[in-house]
Amino acid sequence: MSNNLDCLSKISNEMVMITLSNSTAIDRNDRLLKMFTLAFFMTMGIVVTFFPLYFDYKGYSKIQIGLLYAIGPLIGIATNLLWGFLSDRFQTVKKIMIILILGQLLTAIFVFTAGWFSLLYVCLAAFFFFQQPVNSLNDSQVMLHIRSSGKSYASFRAYGSIGFALSAGGFGLLLKAYGTGLTPILLFITISCTLLILLLLKDTRQGGKKMAFGGMVNIVRSKKFIWFLVLVIIMSVSHRFNDGFLALYMRQLGASDSLIGYAWMTSALSEIPVFFYLSKHGHRFKELPLLAFAGAIYAFRFIMMSIIQDPTWVIGIQLLHSLTFGVFLFTANRYLSQIIPDEYRSSGQAIFAVAWSSIAGLISGTAGGWIYNATSGSTVYILAACLSTASAIGFLCTYLFQKNEDALPSR
C-alpha cells in the first residue's frame with residue numbers, strides 16, 4: 001500500500017512539474033511573441049510613416065512616390081501567397097520568418113544606396129518581397145498560439161499598436177532633431193531587434209495536420225468568402241489612401257516631421273482600448289454590421305480630412321482610427337478564424353492580406369499618386385470617403401440579405 005502511495009505521489013509530482021514547465025514555456029513564448037509583434041510594428045511604423053518623407057527628402061515627385069508605394073502591394077500579391085503556402089506546406093512559421101527578416105536586412109542596404117529611380121524601384125520591390133508577408137504570418141502564429149494558451153488576439157495585437165506608436169512618435173522626434181537622413185539607421189535597428197527576438201521564439205507550427213489542396217480550393221471558391229474579400233478591398237483602398245498620403249498631405253498643410261509622427265502615434269494608440277473592448281464584448285455584435293459601422297466612420301473621418309486647413313486637427317481626426325481600422329481588423333480576423341481551419345491558417349491569412357493590403361495598396365498607390373499630383377490631397381480624401389460609404393452599404397446589405405435568406409423556410 002505504501003509503495004502504491006509513493007508511486008502515485010511520484011506520478012503526481014511529475015505531472016505537476018510537467019504542467020508548470022508547460023505553463024512556463026507558454027508564458028515565455030507569450031512575452032517573446034508580444035515583443036516580436038512590438039518590434040515588427042516599429043519597423044512597419046518607419047515604412048508607413050517615414051518612407052514617404054525620406055523619398056520626398058531625396059527629391060522624388062508625388063507620382064514617383066506613389067509608384068514606389070504601389071510596388072509593395074503588387075509584390076505582396078504573389079509573396080503573401082507564396083510564403084503563406086510554404087508555411088502551411090512545411091508546417092513552420094519561424095523558419096519562414098527568419099528567411100524573411102534576413103531578406104529585409106539585406107535588401108534594405110540596396111534601397112538606401114540606390115542612386116537613381118529605376119534602381120530604387122527594383123530594390124524596394126525586393127525589400128517588399130520579404131517585408132509584406134510578415135504581418136500575415138505573425139497573425140497566423142498569434143492565432144495558432146492563442147488556441148493553446150487561451151489568450152486573446154487583442155492582447156498580442158495591442159503590442160503592435162504600441163510599437164507603431166513608439167516608432168511614429170519617438171522616431172518623429174529623432175528625425176526632427178537629426179534630420180530625415182537618419183531613417184535608414186532606425187530601420188536597420190528595428191529589423192535587427194526583430195530578428196534577435198524571432199530566434200528565441202518557439203515555432204507555433206511544428207507538427208500538426210498537413211494541408212490538403214482540395215480543402216483550400218473549396219475555401220477560395222466560396223461565393224460568400226469572395227464577396228467578403230471584394231468588400232474588404234473597397235474599404236481597404238480608402239484606408240490605404242490615408243496610409244500612403246497622410247504624411248505628404250500633412251506636409252503640404254505645413255506640418256513638421258514630429259507633428260506627422262504624433263498623428264500616426266495617436267492613431268496607433270487609439271486602437272488599443274478598442275481591441276481590448278472587442279476581445280471581451282465583441283461576441284455581442286455580428287461581424288457584418290460591425291464592418292458596416294467601420295465603413296461609415298471611415299467616410300466621416302475622410303470627409304473631415306478633406307476640409308481641414310490646419311494640420312494640427314489631423315491628430316484629433318486620427319483618433320477615429322480606433323473605430324475604423326481597429327474595428328475592421330479585429331472583426332475581419334474573427335470572421336476568418338471561424339471559416340478557415342488551422343491547417344490552412346497561413347494560406348487563409350495570406351489571401352486576406354492580399355485583399356486588404358496588396359490589392360488595395362496597389363490600387364491606392366497607383367491611382368492616389370496620379371490623383372494627388374493632378375488635383376490635390378483633398379480630392380484623394382473625398383474619393384476615400386466615397387469608397388468607404390460604398391463598402392459600408394455593401395456590408396450592411398449583405399448582412400440583411402443573409403439574414404432574410406436564413407429566415408426563409410427550407411423546402
# chains A, B, ... in the order shown; residues from 1 in each chain; ligands from 1

$ residues_around --residues "Val111 (chain A)" --least-positions-apart "4" --cutoff "10 Å" --atoms "only C-alpha atoms" --output "list in words"
Leu106, Thr107, Gly115, Leu119, Leu120, Tyr121, Val122, Cys123, Leu124, Ala125, Ala126, Phe127 and Pro184 of chain A

$ closest_atom_pairs --of "region 158-250 of chain A" --to "region 285-305 of chain A" --cutoff "9 Å" --atoms "only C-alpha atoms" --output "CSV"
residue,atom,partner,partner_atom,distance
A:Met235,CA,A:Gly295,CA,6.7
A:Ser238,CA,A:Tyr298,CA,8.1
A:His239,CA,A:Tyr298,CA,7.9
A:Asn242,CA,A:Phe302,CA,8.4

$ residues_around --residues "Phe245 (chain A)" --least-positions-apart "3" --cutoff "10 Å" --atoms "only C-alpha atoms" --output "PyMOL selection string"
chain A and resi 48-49+52+62+65-66+69+240-242+248-251+364-365+368-369+372+377+380-381

$ closest_residue --among "A:Ile46, A:Ile197, A:Gln349, A:Ile191" --to "Gln141 (chain A)" --atoms "only C-alpha atoms"
A:Gln349

$ closest_residue --among "A:Ser388, A:Ser236, A:Thr37, A:Thr379" --to "Ala332 (chain A)" --atoms "only C-alpha atoms"
A:Ser236
